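Colleague: Quick one: the structure is below, questions incoming.
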2 protein chains.
Amino acid sequence: MTSEPPAAPAPFHPLLVQQVRAHDTYGVWEGKDNDALLEPFIVDKAKRKTIPLVGDPDARTLARVRQFYAAVCLAVEQRTGIMAAPIFELSHEGFGRVVLTASRLIVLNRYLRDVHRFGFLSLDALEQEANRMIDEAVELIARFPEVARL
Amino acid sequence: MTSEPPAAPAPFHPLLVQQVRAHDTYGVWEGKDNDALLEPFIVDKAKRKTIPLVGDPDARTLARVRQFYAAVCLAVEQRTGIMAAPIFELSHEGFGRVVLTASRLIVLNRYLRDVHRFGFLSLDALEQEANRMIDEAVELIARFPEVARL
């Protein structure tokens, strides 16, 4: 008499790990495990406070923002078969906008601020936020497939 | 027995003039006429050769790129009633991409290169290229009004 729970979506973080390793030109992450590699994406409240908001966001932080949204695009492609690509417009002060595009459709639109402190409270929070974005993009593609395939 | 020529589209360059004057925070263009103000947008072959492609594009050149696409957005709004907004992703090396967005629709997508030399061979060429872009955007909005109004 046990009822089946609904199928959980495929976990997102393996795609993120894949992105980070794909961009690891100098082998910095070689020989390090996935937990260590995901650790910089986790920014809890205590860690947030230690990151100043003055000046330009750190280049490594910006790389993580790009890796995160690239992984979201990959997940969208896995679920829909349609390639998505990000466009970032970031100011030097750490705010801006990212849109994920599939042909002429904007499948996701997010305003970014305090990019210096980009990260998630926990790995669970990262999974949840990523999956919310992926769901939103997948739904929009289902609604306007013609625009996404133009 | 004269046949009417088709109505010419409204000229584009007054919108461009309006953009440049709107961004003229320090009054640099005050007391100068529109021809002088449009002159930097005209880059003929001789002038092209004098502009080096090394280093970052000049800040004033980047401002002109933004003013040009902002004016295209205005023209699209005048013809459709739908607001469009540009997103730029430009590398420091002077290439990149601009998309004009109306809600979730990308009404125009252009890859940019050699932004250092941004400009048009003549005022006629500027008019023609701008109107081609505006037509393309207006057509796409007519085709997918629901996405442009989401």
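If you're wondering about the labels, chains in the structure tokens are A, B, ... by order shown, residues count from 1 in each chain, ligands from 1 in order shown.
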Neighbours of segment 19-32 of chain A within 12 Å (only C-alpha atoms; same-chain residues fewer than 6 positions away dropped), as a PyMOL selection string?
Modeller: chain A and resi 12-13+38-41+60+63-75
Colleague: What are the DSSP alpha helix (DSSP H) residues of chain B, as number ranges by chain?
Modeller: B: 13-22, 34-38, 45-50, 59-80, 123-143, 145-148
Colleague: Would you mind exporting C-alpha atoms of the selected residues as a PDB file, in the first residue's frame?
Modeller:
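The result, written out as part.pdb:
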ATOM      1  CA  HIS B  13      18.150  59.474 -38.313  1.00  0.00           C
ATOM      2  CA  PRO B  14      15.954  61.929 -36.360  1.00  0.00           C
ATOM      3  CA  LEU B  15      15.529  59.181 -33.750  1.00  0.00           C
ATOM      4  CA  LEU B  16      19.281  58.730 -33.649  1.00  0.00           C
ATOM      5  CA  VAL B  17      19.792  62.466 -33.223  1.00  0.00           C
ATOM      6  CA  GLN B  18      17.267  62.366 -30.400  1.00  0.00           C
ATOM      7  CA  GLN B  19      19.200  59.541 -28.687  1.00  0.00           C
ATOM      8  CA  VAL B  20      22.522  61.341 -28.946  1.00  0.00           C
ATOM      9  CA  ARG B  21      21.058  64.570 -27.567  1.00  0.00           C
ATOM     10  CA  ALA B  22      19.283  62.678 -24.786  1.00  0.00           C
ATOM     11  CA  ASN B  34      22.407  67.539 -36.522  1.00  0.00           C
ATOM     12  CA  ASP B  35      24.810  66.988 -39.396  1.00  0.00           C
ATOM     13  CA  ALA B  36      27.790  67.515 -37.106  1.00  0.00           C
ATOM     14  CA  LEU B  37      26.231  65.172 -34.581  1.00  0.00           C
ATOM     15  CA  LEU B  38      25.649  62.397 -37.137  1.00  0.00           C
ATOM     16  CA  LYS B  45      36.520  53.418 -46.480  1.00  0.00           C
ATOM     17  CA  ALA B  46      39.250  56.015 -46.078  1.00  0.00           C
ATOM     18  CA  LYS B  47      38.217  56.728 -42.496  1.00  0.00           C
ATOM     19  CA  ARG B  48      37.973  52.991 -41.677  1.00  0.00           C
ATOM     20  CA  LYS B  49      41.625  52.525 -42.514  1.00  0.00           C
ATOM     21  CA  THR B  50      42.676  55.184 -40.043  1.00  0.00           C
ATOM     22  CA  ALA B  59      34.279  54.624 -25.171  1.00  0.00           C
ATOM     23  CA  ARG B  60      32.717  57.144 -27.554  1.00  0.00           C
ATOM     24  CA  THR B  61      32.447  54.465 -30.240  1.00  0.00           C
ATOM     25  CA  LEU B  62      30.730  52.118 -27.784  1.00  0.00           C
ATOM     26  CA  ALA B  63      28.348  54.929 -26.849  1.00  0.00           C
ATOM     27  CA  ARG B  64      27.468  55.351 -30.544  1.00  0.00           C
ATOM     28  CA  VAL B  65      26.785  51.617 -30.919  1.00  0.00           C
ATOM     29  CA  ARG B  66      24.420  51.829 -27.942  1.00  0.00           C
ATOM     30  CA  GLN B  67      22.742  54.976 -29.272  1.00  0.00           C
ATOM     31  CA  PHE B  68      22.220  53.402 -32.679  1.00  0.00           C
ATOM     32  CA  TYR B  69      20.510  50.289 -31.317  1.00  0.00           C
ATOM     33  CA  ALA B  70      18.527  52.339 -28.785  1.00  0.00           C
ATOM     34  CA  ALA B  71      17.195  54.378 -31.724  1.00  0.00           C
ATOM     35  CA  VAL B  72      16.295  51.159 -33.574  1.00  0.00           C
ATOM     36  CA  CYS B  73      14.345  50.087 -30.469  1.00  0.00           C
ATOM     37  CA  LEU B  74      12.519  53.423 -30.440  1.00  0.00           C
ATOM     38  CA  ALA B  75      11.579  53.055 -34.098  1.00  0.00           C
ATOM     39  CA  VAL B  76      10.260  49.556 -33.424  1.00  0.00           C
ATOM     40  CA  GLU B  77       8.178  50.923 -30.571  1.00  0.00           C
ATOM     41  CA  GLN B  78       6.779  53.714 -32.758  1.00  0.00           C
ATOM     42  CA  ARG B  79       5.682  51.207 -35.370  1.00  0.00           C
ATOM     43  CA  THR B  80       4.339  48.453 -33.121  1.00  0.00           C
ATOM     44  CA  LEU B 123      23.851  58.613 -44.243  1.00  0.00           C
ATOM     45  CA  ASP B 124      21.864  56.738 -46.905  1.00  0.00           C
ATOM     46  CA  ALA B 125      23.546  53.497 -45.923  1.00  0.00           C
ATOM     47  CA  LEU B 126      22.776  54.197 -42.258  1.00  0.00           C
ATOM     48  CA  GLU B 127      19.114  54.777 -43.131  1.00  0.00           C
ATOM     49  CA  GLN B 128      18.922  51.611 -45.189  1.00  0.00           C
ATOM     50  CA  GLU B 129      20.584  49.358 -42.630  1.00  0.00           C
ATOM     51  CA  ALA B 130      18.505  50.757 -39.786  1.00  0.00           C
ATOM     52  CA  ASN B 131      15.291  50.331 -41.749  1.00  0.00           C
ATOM     53  CA  ARG B 132      16.195  46.773 -42.659  1.00  0.00           C
ATOM     54  CA  MET B 133      16.633  46.001 -38.956  1.00  0.00           C
ATOM     55  CA  ILE B 134      13.415  47.788 -38.002  1.00  0.00           C
ATOM     56  CA  ASP B 135      11.461  45.918 -40.712  1.00  0.00           C
ATOM     57  CA  GLU B 136      12.842  42.592 -39.525  1.00  0.00           C
ATOM     58  CA  ALA B 137      11.872  43.351 -35.919  1.00  0.00           C
ATOM     59  CA  VAL B 138       8.400  44.603 -36.852  1.00  0.00           C
ATOM     60  CA  GLU B 139       7.752  41.495 -38.937  1.00  0.00           C
ATOM     61  CA  LEU B 140       8.795  39.164 -36.151  1.00  0.00           C
ATOM     62  CA  ILE B 141       6.545  40.965 -33.676  1.00  0.00           C
ATOM     63  CA  ALA B 142       3.638  40.686 -36.143  1.00  0.00           C
ATOM     64  CA  ARG B 143       4.348  36.970 -36.421  1.00  0.00           C
ATOM     65  CA  PRO B 145       2.700  38.983 -30.917  1.00  0.00           C
ATOM     66  CA  GLU B 146       1.941  36.773 -27.931  1.00  0.00           C
ATOM     67  CA  VAL B 147       5.638  36.240 -27.160  1.00  0.00           C
ATOM     68  CA  ALA B 148       6.388  39.940 -27.602  1.00  0.00           C
TER      69      ALA B 148
END
Colleague: Only residues of chain B matter here; which ones have an atom within 9 Å of chain A, counting only C-alpha atoms? Give them as a list in words.
Modeller: Ile87, Phe88, Glu89, Leu90, Arg97, Val99, Thr101, Ser103, Arg104, Leu105, Ile106, Val107, Leu108, Asn109, Phe144 and Val147 of chain B
Colleague: Would you pick out the contacts of Ile51 of chain A at 12 Å or less, using only C-alpha atoms, so that residues sharing its chain but fewer than 4 positions from it are not included, and give the list as an NGL selection string?
Modeller: :A and (43-47 or 55-58 or 61 or 114-119)
Colleague: Keeping all heavy atoms for every residue in the selection just given, could you write it to a file as a tab-separated table (two decimals), in the first residue's frame?
Modeller:
chain	number	residue	atom	x	y	z
A	43	VAL	N	27.52	29.49	-0.85
A	43	VAL	CA	27.86	30.71	-0.11
A	43	VAL	C	26.78	30.89	0.96
A	43	VAL	O	25.69	31.38	0.68
A	43	VAL	CB	27.90	31.94	-1.06
A	43	VAL	CG1	28.22	33.21	-0.28
A	43	VAL	CG2	28.92	31.72	-2.17
A	44	ASP	N	27.09	30.45	2.17
A	44	ASP	CA	26.08	30.59	3.22
A	44	ASP	C	26.18	31.99	3.84
A	44	ASP	O	27.00	32.81	3.43
A	44	ASP	CB	26.21	29.47	4.27
A	44	ASP	CG	27.57	29.49	4.94
A	44	ASP	OD1	28.26	30.53	4.90
A	44	ASP	OD2	27.97	28.46	5.51
A	45	LYS	N	25.30	32.24	4.80
A	45	LYS	CA	25.19	33.62	5.31
A	45	LYS	C	26.50	34.12	5.91
A	45	LYS	O	26.88	35.28	5.71
A	45	LYS	CB	24.06	33.71	6.33
A	45	LYS	CG	22.72	33.78	5.63
A	45	LYS	CD	21.55	33.87	6.57
A	45	LYS	CE	20.25	33.87	5.77
A	45	LYS	NZ	19.05	33.70	6.62
A	46	ALA	N	27.19	33.25	6.62
A	46	ALA	CA	28.45	33.67	7.23
A	46	ALA	C	29.47	34.02	6.14
A	46	ALA	O	30.17	35.03	6.23
A	46	ALA	CB	28.99	32.55	8.13
A	47	LYS	N	29.52	33.19	5.12
A	47	LYS	CA	30.49	33.42	4.03
A	47	LYS	C	30.13	34.69	3.25
A	47	LYS	O	31.02	35.45	2.85
A	47	LYS	CB	30.48	32.19	3.11
A	47	LYS	CG	31.69	32.06	2.21
A	47	LYS	CD	31.78	30.62	1.68
A	47	LYS	CE	32.44	30.51	0.34
A	47	LYS	NZ	32.20	29.18	-0.28
A	55	GLY	N	34.18	47.31	-5.72
A	55	GLY	CA	35.04	46.93	-6.84
A	55	GLY	C	34.41	45.90	-7.73
A	55	GLY	O	33.24	45.52	-7.57
A	56	ASP	N	35.16	45.46	-8.71
A	56	ASP	CA	34.67	44.47	-9.66
A	56	ASP	C	34.54	43.11	-9.01
A	56	ASP	O	35.35	42.75	-8.16
A	56	ASP	CB	35.66	44.32	-10.82
A	56	ASP	CG	35.63	45.53	-11.72
A	56	ASP	OD1	34.93	46.49	-11.39
A	56	ASP	OD2	36.32	45.50	-12.75
A	57	PRO	N	33.53	42.32	-9.43
A	57	PRO	CA	33.50	40.94	-8.95
A	57	PRO	C	34.77	40.22	-9.43
A	57	PRO	O	35.31	40.52	-10.48
A	57	PRO	CB	32.26	40.35	-9.63
A	57	PRO	CG	31.44	41.51	-10.07
A	57	PRO	CD	32.41	42.62	-10.33
A	58	ASP	N	35.20	39.31	-8.59
A	58	ASP	CA	36.34	38.46	-8.86
A	58	ASP	C	36.16	37.69	-10.18
A	58	ASP	O	35.05	37.22	-10.48
A	58	ASP	CB	36.37	37.49	-7.68
A	58	ASP	CG	37.59	36.62	-7.68
A	58	ASP	OD1	38.65	37.10	-7.30
A	58	ASP	OD2	37.45	35.44	-8.09
A	61	THR	N	34.66	34.36	-9.66
A	61	THR	CA	33.22	34.41	-9.39
A	61	THR	C	32.45	34.53	-10.70
A	61	THR	O	31.46	33.83	-10.93
A	61	THR	CB	32.90	35.62	-8.48
A	61	THR	OG1	33.73	35.54	-7.33
A	61	THR	CG2	31.44	35.62	-8.07
A	114	ASP	N	24.75	42.03	-6.91
A	114	ASP	CA	25.73	41.53	-5.96
A	114	ASP	C	26.39	40.25	-6.46
A	114	ASP	O	26.51	39.26	-5.71
A	114	ASP	CB	25.08	41.28	-4.59
A	114	ASP	CG	24.47	42.54	-4.01
A	114	ASP	OD1	24.73	43.63	-4.56
A	114	ASP	OD2	23.74	42.46	-3.01
A	115	VAL	N	26.78	40.29	-7.72
A	115	VAL	CA	27.39	39.10	-8.32
A	115	VAL	C	28.63	38.67	-7.54
A	115	VAL	O	28.99	37.49	-7.52
A	115	VAL	CB	27.71	39.37	-9.81
A	115	VAL	CG1	28.62	38.32	-10.39
A	115	VAL	CG2	26.41	39.42	-10.61
A	116	HIS	N	29.27	39.63	-6.85
A	116	HIS	CA	30.42	39.31	-5.99
A	116	HIS	C	30.11	38.13	-5.08
A	116	HIS	O	30.99	37.35	-4.73
A	116	HIS	CB	30.75	40.49	-5.08
A	116	HIS	CG	30.87	41.81	-5.76
A	116	HIS	ND1	29.78	42.46	-6.31
A	116	HIS	CD2	31.94	42.60	-5.99
A	116	HIS	CE1	30.18	43.61	-6.82
A	116	HIS	NE2	31.48	43.72	-6.65
A	117	ARG	N	28.84	38.07	-4.66
A	117	ARG	CA	28.45	37.06	-3.67
A	117	ARG	C	27.66	35.92	-4.29
A	117	ARG	O	26.90	35.24	-3.61
A	117	ARG	CB	27.60	37.73	-2.57
A	117	ARG	CG	28.40	38.70	-1.74
A	117	ARG	CD	27.53	39.42	-0.74
A	117	ARG	NE	28.35	40.26	0.14
A	117	ARG	CZ	27.87	41.16	0.99
A	117	ARG	NH1	26.57	41.33	1.09
A	117	ARG	NH2	28.68	41.86	1.75
A	118	PHE	N	27.84	35.70	-5.60
A	118	PHE	CA	27.09	34.65	-6.29
A	118	PHE	C	27.30	33.30	-5.61
A	118	PHE	O	28.44	32.88	-5.35
A	118	PHE	CB	27.53	34.54	-7.75
A	118	PHE	CG	26.86	33.43	-8.50
A	118	PHE	CD1	25.55	33.55	-8.93
A	118	PHE	CD2	27.52	32.23	-8.75
A	118	PHE	CE1	24.92	32.52	-9.60
A	118	PHE	CE2	26.90	31.19	-9.43
A	118	PHE	CZ	25.59	31.34	-9.86
A	119	GLY	N	26.20	32.64	-5.34
A	119	GLY	CA	26.29	31.32	-4.72
A	119	GLY	C	24.96	30.96	-4.11
A	119	GLY	O	23.99	31.72	-4.18
Colleague: Between atom CA of Arg110 of chain A and atom CA of Leu112 of chain B, what distance in Å does the model show, to one decimal?
Modeller: 23.4 Å
Colleague: Can you pull out every residue from segment 67-143 of chain A that DSSP, working from the backbone, puts in strand (DSSP E), and format the result as an mmCIF file with all heavy atoms, in the first residue's frame?
Modeller:
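And here is the file that came out, part_16.cif:
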data_model
loop_
_atom_site.group_PDB
_atom_site.id
_atom_site.type_symbol
_atom_site.label_atom_id
_atom_site.label_comp_id
_atom_site.auth_asym_id
_atom_site.auth_seq_id
_atom_site.Cartn_x
_atom_site.Cartn_y
_atom_site.Cartn_z
ATOM 1 N N ALA A 85 21.498 29.147 -25.268
ATOM 2 C CA ALA A 85 22.773 29.832 -25.071
ATOM 3 C C ALA A 85 22.558 31.070 -24.210
ATOM 4 O O ALA A 85 21.537 31.746 -24.341
ATOM 5 C CB ALA A 85 23.363 30.232 -26.415
ATOM 6 N N PRO A 86 23.497 31.342 -23.312
ATOM 7 C CA PRO A 86 23.329 32.513 -22.444
ATOM 8 C C PRO A 86 23.910 33.784 -23.059
ATOM 9 O O PRO A 86 24.881 33.729 -23.817
ATOM 10 C CB PRO A 86 24.131 32.134 -21.200
ATOM 11 C CG PRO A 86 25.147 31.148 -21.673
ATOM 12 C CD PRO A 86 24.687 30.549 -22.961
ATOM 13 N N ILE A 87 23.302 34.901 -22.747
ATOM 14 C CA ILE A 87 23.904 36.215 -23.014
ATOM 15 C C ILE A 87 23.921 36.967 -21.691
ATOM 16 O O ILE A 87 22.893 37.079 -21.026
ATOM 17 C CB ILE A 87 23.071 37.055 -24.017
ATOM 18 C CG1 ILE A 87 22.750 36.241 -25.273
ATOM 19 C CG2 ILE A 87 23.804 38.343 -24.393
ATOM 20 C CD1 ILE A 87 21.894 37.028 -26.262
ATOM 21 N N PHE A 88 25.102 37.457 -21.339
ATOM 22 C CA PHE A 88 25.263 38.208 -20.094
ATOM 23 C C PHE A 88 25.489 39.668 -20.401
ATOM 24 O O PHE A 88 26.256 39.999 -21.303
ATOM 25 C CB PHE A 88 26.498 37.716 -19.330
ATOM 26 C CG PHE A 88 26.353 36.342 -18.776
ATOM 27 C CD1 PHE A 88 26.745 35.234 -19.514
ATOM 28 C CD2 PHE A 88 25.819 36.152 -17.516
ATOM 29 C CE1 PHE A 88 26.602 33.955 -19.007
ATOM 30 C CE2 PHE A 88 25.681 34.876 -17.007
ATOM 31 C CZ PHE A 88 26.068 33.776 -17.753
ATOM 32 N N GLU A 89 24.842 40.514 -19.662
ATOM 33 C CA GLU A 89 25.214 41.922 -19.690
ATOM 34 C C GLU A 89 25.476 42.315 -18.247
ATOM 35 O O GLU A 89 24.555 42.561 -17.476
ATOM 36 C CB GLU A 89 24.111 42.784 -20.316
ATOM 37 C CG GLU A 89 24.593 44.200 -20.571
ATOM 38 C CD GLU A 89 23.583 45.025 -21.361
ATOM 39 O OE1 GLU A 89 22.462 45.211 -20.876
ATOM 40 O OE2 GLU A 89 23.904 45.479 -22.465
ATOM 41 N N LEU A 90 26.750 42.327 -17.895
ATOM 42 C CA LEU A 90 27.132 42.598 -16.512
ATOM 43 C C LEU A 90 27.895 43.904 -16.435
ATOM 44 O O LEU A 90 28.810 44.137 -17.222
ATOM 45 C CB LEU A 90 28.024 41.471 -15.988
ATOM 46 C CG LEU A 90 27.353 40.125 -15.740
ATOM 47 C CD1 LEU A 90 28.392 39.084 -15.349
ATOM 48 C CD2 LEU A 90 26.294 40.249 -14.650
ATOM 49 N N GLY A 96 23.488 43.229 -13.296
ATOM 50 C CA GLY A 96 23.249 43.091 -14.720
ATOM 51 C C GLY A 96 22.130 42.125 -14.991
ATOM 52 O O GLY A 96 21.196 41.998 -14.197
ATOM 53 N N ARG A 97 22.256 41.443 -16.098
ATOM 54 C CA ARG A 97 21.148 40.641 -16.574
ATOM 55 C C ARG A 97 21.717 39.455 -17.337
ATOM 56 O O ARG A 97 22.749 39.567 -17.981
ATOM 57 C CB ARG A 97 20.323 41.515 -17.512
ATOM 58 C CG ARG A 97 19.048 40.908 -17.993
ATOM 59 C CD ARG A 97 18.352 41.897 -18.917
ATOM 60 N NE ARG A 97 17.166 41.307 -19.497
ATOM 61 C CZ ARG A 97 16.491 41.816 -20.514
ATOM 62 N NH1 ARG A 97 16.899 42.941 -21.072
ATOM 63 N NH2 ARG A 97 15.424 41.219 -20.994
ATOM 64 N N VAL A 98 21.044 38.342 -17.228
ATOM 65 C CA VAL A 98 21.382 37.204 -18.082
ATOM 66 C C VAL A 98 20.103 36.735 -18.743
ATOM 67 O O VAL A 98 19.040 36.687 -18.098
ATOM 68 C CB VAL A 98 22.060 36.064 -17.289
ATOM 69 C CG1 VAL A 98 21.238 35.625 -16.086
ATOM 70 C CG2 VAL A 98 22.329 34.861 -18.197
ATOM 71 N N VAL A 99 20.171 36.468 -20.029
ATOM 72 C CA VAL A 99 19.054 35.818 -20.699
ATOM 73 C C VAL A 99 19.582 34.535 -21.328
ATOM 74 O O VAL A 99 20.703 34.483 -21.817
ATOM 75 C CB VAL A 99 18.374 36.707 -21.777
ATOM 76 C CG1 VAL A 99 17.737 37.941 -21.169
ATOM 77 C CG2 VAL A 99 19.321 37.075 -22.887
ATOM 78 N N LEU A 100 18.754 33.497 -21.250
ATOM 79 C CA LEU A 100 19.079 32.257 -21.955
ATOM 80 C C LEU A 100 18.191 32.225 -23.185
ATOM 81 O O LEU A 100 16.971 32.387 -23.083
ATOM 82 C CB LEU A 100 18.823 31.038 -21.068
ATOM 83 C CG LEU A 100 19.525 31.047 -19.705
ATOM 84 C CD1 LEU A 100 19.357 29.690 -19.031
ATOM 85 C CD2 LEU A 100 20.992 31.395 -19.823
ATOM 86 N N THR A 101 18.819 32.041 -24.334
ATOM 87 C CA THR A 101 18.071 32.139 -25.584
ATOM 88 C C THR A 101 18.056 30.789 -26.301
ATOM 89 O O THR A 101 19.039 30.054 -26.292
ATOM 90 C CB THR A 101 18.726 33.175 -26.523
ATOM 91 O OG1 THR A 101 20.010 32.692 -26.931
ATOM 92 C CG2 THR A 101 18.903 34.510 -25.835
ATOM 93 N N ALA A 102 16.920 30.483 -26.907
ATOM 94 C CA ALA A 102 16.805 29.350 -27.817
ATOM 95 C C ALA A 102 16.259 29.941 -29.104
ATOM 96 O O ALA A 102 15.104 30.368 -29.141
ATOM 97 C CB ALA A 102 15.873 28.288 -27.263
ATOM 98 N N LEU A 105 13.669 32.793 -28.968
ATOM 99 C CA LEU A 105 12.910 32.783 -27.713
ATOM 100 C C LEU A 105 13.841 33.001 -26.523
ATOM 101 O O LEU A 105 14.890 32.367 -26.427
ATOM 102 C CB LEU A 105 12.187 31.441 -27.560
ATOM 103 C CG LEU A 105 11.206 31.293 -26.401
ATOM 104 C CD1 LEU A 105 10.019 32.238 -26.562
ATOM 105 C CD2 LEU A 105 10.715 29.849 -26.289
ATOM 106 N N ILE A 106 13.439 33.903 -25.634
ATOM 107 C CA ILE A 106 14.168 34.068 -24.376
ATOM 108 C C ILE A 106 13.540 33.108 -23.380
ATOM 109 O O ILE A 106 12.437 33.348 -22.882
ATOM 110 C CB ILE A 106 14.101 35.522 -23.878
ATOM 111 C CG1 ILE A 106 14.847 36.424 -24.864
ATOM 112 C CG2 ILE A 106 14.691 35.645 -22.472
ATOM 113 C CD1 ILE A 106 14.760 37.892 -24.547
ATOM 114 N N VAL A 107 14.244 32.013 -23.123
ATOM 115 C CA VAL A 107 13.640 30.970 -22.299
ATOM 116 C C VAL A 107 13.777 31.281 -20.816
ATOM 117 O O VAL A 107 13.036 30.764 -19.991
ATOM 118 C CB VAL A 107 14.210 29.565 -22.626
ATOM 119 C CG1 VAL A 107 13.907 29.206 -24.075
ATOM 120 C CG2 VAL A 107 15.692 29.463 -22.336
ATOM 121 N N LEU A 108 14.746 32.140 -20.494
ATOM 122 C CA LEU A 108 14.914 32.559 -19.096
ATOM 123 C C LEU A 108 15.485 33.963 -19.068
ATOM 124 O O LEU A 108 16.350 34.304 -19.880
ATOM 125 C CB LEU A 108 15.862 31.610 -18.346
ATOM 126 C CG LEU A 108 15.838 31.760 -16.828
ATOM 127 C CD1 LEU A 108 14.701 30.943 -16.225
ATOM 128 C CD2 LEU A 108 17.156 31.315 -16.222
ATOM 129 N N ASN A 109 15.006 34.752 -18.138
ATOM 130 C CA ASN A 109 15.439 36.137 -17.991
ATOM 131 C C ASN A 109 15.676 36.369 -16.506
ATOM 132 O O ASN A 109 14.771 36.214 -15.703
ATOM 133 C CB ASN A 109 14.306 37.051 -18.495
ATOM 134 C CG ASN A 109 14.653 38.511 -18.376
ATOM 135 O OD1 ASN A 109 15.787 38.913 -18.663
ATOM 136 N ND2 ASN A 109 13.695 39.315 -17.939
ATOM 137 N N ARG A 110 16.892 36.706 -16.132
ATOM 138 C CA ARG A 110 17.179 36.956 -14.720
ATOM 139 C C ARG A 110 18.005 38.234 -14.566
ATOM 140 O O ARG A 110 18.977 38.424 -15.302
ATOM 141 C CB ARG A 110 17.982 35.799 -14.108
ATOM 142 C CG ARG A 110 17.185 34.558 -13.816
ATOM 143 C CD ARG A 110 16.251 34.745 -12.623
ATOM 144 N NE ARG A 110 15.579 33.506 -12.259
ATOM 145 C CZ ARG A 110 14.454 33.063 -12.820
ATOM 146 N NH1 ARG A 110 13.883 33.727 -13.788
ATOM 147 N NH2 ARG A 110 13.898 31.927 -12.405
ATOM 148 N N TYR A 111 17.589 39.062 -13.642
ATOM 149 C CA TYR A 111 18.409 40.209 -13.282
ATOM 150 C C TYR A 111 19.344 39.766 -12.173
ATOM 151 O O TYR A 111 18.947 39.017 -11.287
ATOM 152 C CB TYR A 111 17.518 41.384 -12.878
ATOM 153 C CG TYR A 111 16.705 41.855 -14.061
ATOM 154 C CD1 TYR A 111 15.419 41.377 -14.289
ATOM 155 C CD2 TYR A 111 17.268 42.717 -14.999
ATOM 156 C CE1 TYR A 111 14.700 41.762 -15.414
ATOM 157 C CE2 TYR A 111 16.557 43.103 -16.127
ATOM 158 C CZ TYR A 111 15.278 42.626 -16.327
ATOM 159 O OH TYR A 111 14.577 42.995 -17.452
ATOM 160 N N LEU A 112 20.581 40.202 -12.267
ATOM 161 C CA LEU A 112 21.590 39.775 -11.304
ATOM 162 C C LEU A 112 22.030 40.991 -10.490
ATOM 163 O O LEU A 112 22.162 42.085 -11.034
ATOM 164 C CB LEU A 112 22.810 39.193 -12.034
ATOM 165 C CG LEU A 112 22.556 38.047 -13.010
ATOM 166 C CD1 LEU A 112 23.798 37.751 -13.836
ATOM 167 C CD2 LEU A 112 22.129 36.795 -12.248
#
